[in-house]
Every structure is written in structure tokens, then in C-alpha cells.
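What's in protein-v2.pdb: PDB, C-alpha atoms
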```pdb
ATOM      1  CA  MET Y   6       0.000   0.000   0.000  1.00  0.00           C
ATOM      2  CA  THR Y   7       1.204   3.538  -0.693  1.00  0.00           C
ATOM      3  CA  ILE Y   8       0.702   6.095   2.084  1.00  0.00           C
ATOM      4  CA  ASP Y   9       1.991   9.660   1.742  1.00  0.00           C
ATOM      5  CA  GLY Y  10       3.988   8.661  -1.328  1.00  0.00           C
ATOM      6  CA  ARG Y  11       5.831   5.864   0.502  1.00  0.00           C
ATOM      7  CA  ARG Y  12       5.245   2.193  -0.062  1.00  0.00           C
ATOM      8  CA  ARG Y  13       4.481   0.267   3.097  1.00  0.00           C
ATOM      9  CA  THR Y  14       3.345  -3.232   4.031  1.00  0.00           C
ATOM     10  CA  ILE Y  15       0.245  -3.360   6.199  1.00  0.00           C
ATOM     11  CA  THR Y  16      -1.920  -6.118   7.639  1.00  0.00           C
ATOM     12  CA  LYS Y  17      -5.234  -7.117   6.119  1.00  0.00           C
ATOM     13  CA  ARG Y  18      -7.018  -5.616   9.104  1.00  0.00           C
ATOM     14  CA  GLU Y  19      -5.270  -2.270   8.569  1.00  0.00           C
ATOM     15  CA  ALA Y  20      -6.180  -2.397   4.883  1.00  0.00           C
ATOM     16  CA  ILE Y  21      -9.841  -3.086   5.689  1.00  0.00           C
ATOM     17  CA  VAL Y  22      -9.993  -0.272   8.239  1.00  0.00           C
ATOM     18  CA  THR Y  23      -8.273   2.126   5.838  1.00  0.00           C
ATOM     19  CA  ARG Y  24     -10.774   1.246   3.115  1.00  0.00           C
ATOM     20  CA  MET Y  25     -13.722   1.675   5.480  1.00  0.00           C
ATOM     21  CA  VAL Y  26     -12.433   5.073   6.600  1.00  0.00           C
ATOM     22  CA  ASP Y  27     -12.128   6.128   2.960  1.00  0.00           C
ATOM     23  CA  LYS Y  28     -15.679   4.960   2.247  1.00  0.00           C
ATOM     24  CA  SER Y  29     -17.110   6.603   5.363  1.00  0.00           C
ATOM     25  CA  THR Y  30     -15.560   9.943   4.391  1.00  0.00           C
ATOM     26  CA  SER Y  31     -17.503   9.745   1.142  1.00  0.00           C
ATOM     27  CA  ALA Y  32     -20.791   9.464   3.103  1.00  0.00           C
ATOM     28  CA  ASP Y  33     -21.146   5.668   2.873  1.00  0.00           C
ATOM     29  CA  LEU Y  34     -23.444   5.136   5.862  1.00  0.00           C
ATOM     30  CA  ARG Y  35     -22.903   1.388   6.002  1.00  0.00           C
ATOM     31  CA  ALA Y  36     -19.128   1.785   6.177  1.00  0.00           C
ATOM     32  CA  THR Y  37     -19.526   4.492   8.819  1.00  0.00           C
ATOM     33  CA  LYS Y  38     -21.714   2.252  10.970  1.00  0.00           C
ATOM     34  CA  MET Y  39     -19.308  -0.668  10.631  1.00  0.00           C
ATOM     35  CA  LEU Y  40     -16.413   1.602  11.593  1.00  0.00           C
ATOM     36  CA  ILE Y  41     -18.265   2.923  14.658  1.00  0.00           C
ATOM     37  CA  ASP Y  42     -19.145  -0.626  15.722  1.00  0.00           C
ATOM     38  CA  MET Y  43     -15.495  -1.663  15.397  1.00  0.00           C
ATOM     39  CA  MET Y  44     -14.406   1.321  17.474  1.00  0.00           C
ATOM     40  CA  LYS Y  45     -16.926   0.425  20.188  1.00  0.00           C
ATOM     41  CA  ASP Y  46     -15.612  -3.150  20.270  1.00  0.00           C
ATOM     42  CA  VAL Y  47     -12.024  -1.943  20.602  1.00  0.00           C
ATOM     43  CA  GLU Y  48     -12.970   0.502  23.361  1.00  0.00           C
ATOM     44  CA  ARG Y  49     -14.937  -2.187  25.201  1.00  0.00           C
ATOM     45  CA  LYS Y  50     -12.030  -4.627  24.998  1.00  0.00           C
ATOM     46  CA  ALA Y  51      -9.589  -1.952  26.107  1.00  0.00           C
ATOM     47  CA  GLY Y  52     -11.893  -1.103  29.004  1.00  0.00           C
ATOM     48  CA  ASP Y  53     -11.877  -4.730  30.150  1.00  0.00           C
ATOM     49  CA  ALA Y  54      -8.083  -4.787  30.252  1.00  0.00           C
ATOM     50  CA  ALA Y  55      -7.407  -1.802  32.488  1.00  0.00           C
ATOM     51  CA  PRO Y  56      -9.518   0.538  34.581  1.00  0.00           C
ATOM     52  CA  PRO Y  57      -9.683   4.139  33.422  1.00  0.00           C
ATOM     53  CA  PRO Y  58      -7.223   6.527  35.034  1.00  0.00           C
ATOM     54  CA  ALA Y  59      -8.448   8.536  37.980  1.00  0.00           C
ATOM     55  CA  PRO Y  60      -9.629  12.002  36.969  1.00  0.00           C
ATOM     56  CA  ARG Y  61      -7.185  14.750  37.825  1.00  0.00           C
ATOM     57  CA  ARG Y  62      -8.098  18.018  39.455  1.00  0.00           C
ATOM     58  CA  PRO Y  63      -8.138  21.005  37.111  1.00  0.00           C
ATOM     59  CA  THR Y  64      -5.157  23.300  37.415  1.00  0.00           C
ATOM     60  CA  GLU Y  65      -5.328  27.086  37.495  1.00  0.00           C
ATOM     61  CA  ALA Y  66      -4.391  27.096  33.798  1.00  0.00           C
ATOM     62  CA  ASP Y  67      -7.276  24.707  33.050  1.00  0.00           C
ATOM     63  CA  LYS Y  68      -9.691  26.964  34.918  1.00  0.00           C
ATOM     64  CA  GLU Y  69      -8.446  30.010  33.032  1.00  0.00           C
ATOM     65  CA  VAL Y  70      -8.948  28.268  29.682  1.00  0.00           C
ATOM     66  CA  VAL Y  71     -12.517  27.339  30.627  1.00  0.00           C
ATOM     67  CA  GLN Y  72     -13.271  30.892  31.827  1.00  0.00           C
ATOM     68  CA  ARG Y  73     -11.962  32.379  28.570  1.00  0.00           C
ATOM     69  CA  PHE Y  74     -13.972  29.864  26.535  1.00  0.00           C
ATOM     70  CA  VAL Y  75     -17.180  30.659  28.425  1.00  0.00           C
ATOM     71  CA  ALA Y  76     -16.563  34.397  28.028  1.00  0.00           C
ATOM     72  CA  ARG Y  77     -16.016  33.970  24.291  1.00  0.00           C
ATOM     73  CA  LEU Y  78     -19.234  31.942  23.976  1.00  0.00           C
ATOM     74  CA  ARG Y  79     -21.182  34.594  25.887  1.00  0.00           C
ATOM     75  CA  ARG Y  80     -19.838  37.346  23.606  1.00  0.00           C
ATOM     76  CA  GLN Y  81     -20.747  35.308  20.523  1.00  0.00           C
ATOM     77  CA  ILE Y  82     -24.272  34.603  21.798  1.00  0.00           C
ATOM     78  CA  LEU Y  83     -24.843  38.288  22.644  1.00  0.00           C
ATOM     79  CA  GLN Y  84     -23.533  39.294  19.219  1.00  0.00           C
ATOM     80  CA  GLU Y  85     -25.906  36.847  17.510  1.00  0.00           C
ATOM     81  CA  ILE Y  86     -28.826  38.184  19.560  1.00  0.00           C
ATOM     82  CA  GLU Y  87     -27.958  41.759  18.551  1.00  0.00           C
ATOM     83  CA  GLU Y  88     -27.638  40.752  14.890  1.00  0.00           C
ATOM     84  CA  ALA Y  89     -31.013  38.991  15.032  1.00  0.00           C
ATOM     85  CA  LYS Y  90     -32.611  42.114  16.554  1.00  0.00           C
ATOM     86  CA  ALA Y  91     -31.081  44.301  13.856  1.00  0.00           C
ATOM     87  CA  ALA Y  92     -32.347  41.981  11.125  1.00  0.00           C
ATOM     88  CA  GLU Y  93     -35.965  42.077  12.382  1.00  0.00           C
ATOM     89  CA  PRO Y  94     -38.243  44.263  10.344  1.00  0.00           C
ATOM     90  CA  PRO Y  95     -39.557  47.286  12.278  1.00  0.00           C
ATOM     91  CA  GLY Y  96     -43.051  47.157  13.533  1.00  0.00           C
TER      92      GLY Y  96
END
```
Could you spell out this file's structure in C-alpha cells?
Amino acid sequence: MTIDGRRRTITKREAIVTRMVDKSTSADLRATKMLIDMMKDVERKAGDAAPPPAPRRPTEADKEVVQRFVARLRRQILQEIEEAKAAEPPG
């Protein structure tokens, strides 16, 4: 198989998954469903092997990122409200 201009040997499973990804990107719903089902199986099997890591407490930097994100969303929502008001016909 050629990937990024370089020839490479891959397993049959990798070839099948690559093909299904290609098909799903072209809106093939059957391929998309099969791909999602495969991902669920892999996640389920991985979940059986090891417990998930314990959640970590957010740092000050994490909190700042969330605060900035929320502020940006609020500004965007207010801007959209103002634009909707301006677009309404008078009366």
C-alpha cells in the first residue's frame, strides 16, 4: 500500500480499516456504521483490560482556559442576539 507517497506493508485488518475510513468519508453510511461498531468493540475490549485513570483536578491554567472559553461563547451569543434584533423588520 502507498501512504503519503511511501510504499508500506500493512496487515489485512489495517487495509480493511483504511478502506472503510475512505468509504465513510464519502458518506457511505454502512461503512460508517461498521467503523463505529469496530471502534466500540475496541474501546470495550480496552476497558476490560485496564480501569480508566483517575480524573485529575483542574489546574489554574485549566480553569483560566474554561473561563476564557465561556466568556467567548457569551460574547458570541450576545452578538448573535444583537444581529437577530437588527435583522428584524420594524413594527
Next item on the list: Could you expand the PyMOL selection byres ((chain Y and resi 16-22) around 12) into the explicit residues it covers here, written as a ChimeraX atom specification?
Entry: /Y:6-8,13-15,23-29,36-37,39-44
As lines of an AutoDock Vina configuration file, please report the centre and edge lengths, rounded to one decimal in Å, of the axis-aligned box that holds all listed atoms of stretch 78-90 of chain Y with 4 Å of padding on each of the six sides.
```
center_x = -25.9
center_y = 37.0
center_z = 20.4
size_x = 21.4
size_y = 18.2
size_z = 19.0
```
Note to self: For a test of reading the model, state the distance in Å between atom CA of Y:Asp33 and atom CA of Y:Lys45, rounded to one decimal.
What the structure shows: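 Atom-to-atom, atom CA of Y:Asp33 to atom CA of Y:Lys45, that is 18.6 Å.
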Item checked: Å distance separating atom CA of Y:Glu85 from atom CA of Y:Gln72, one decimal place -> 20.0 Å
Check: Rounded to one decimal in Å, what is the spacing between atom CA of Y:Gly52 and atom CA of Y:Arg35?
Finding: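 One can read the atom CA of Y:Gly52 to atom CA of Y:Arg35 distance as 25.6 Å.
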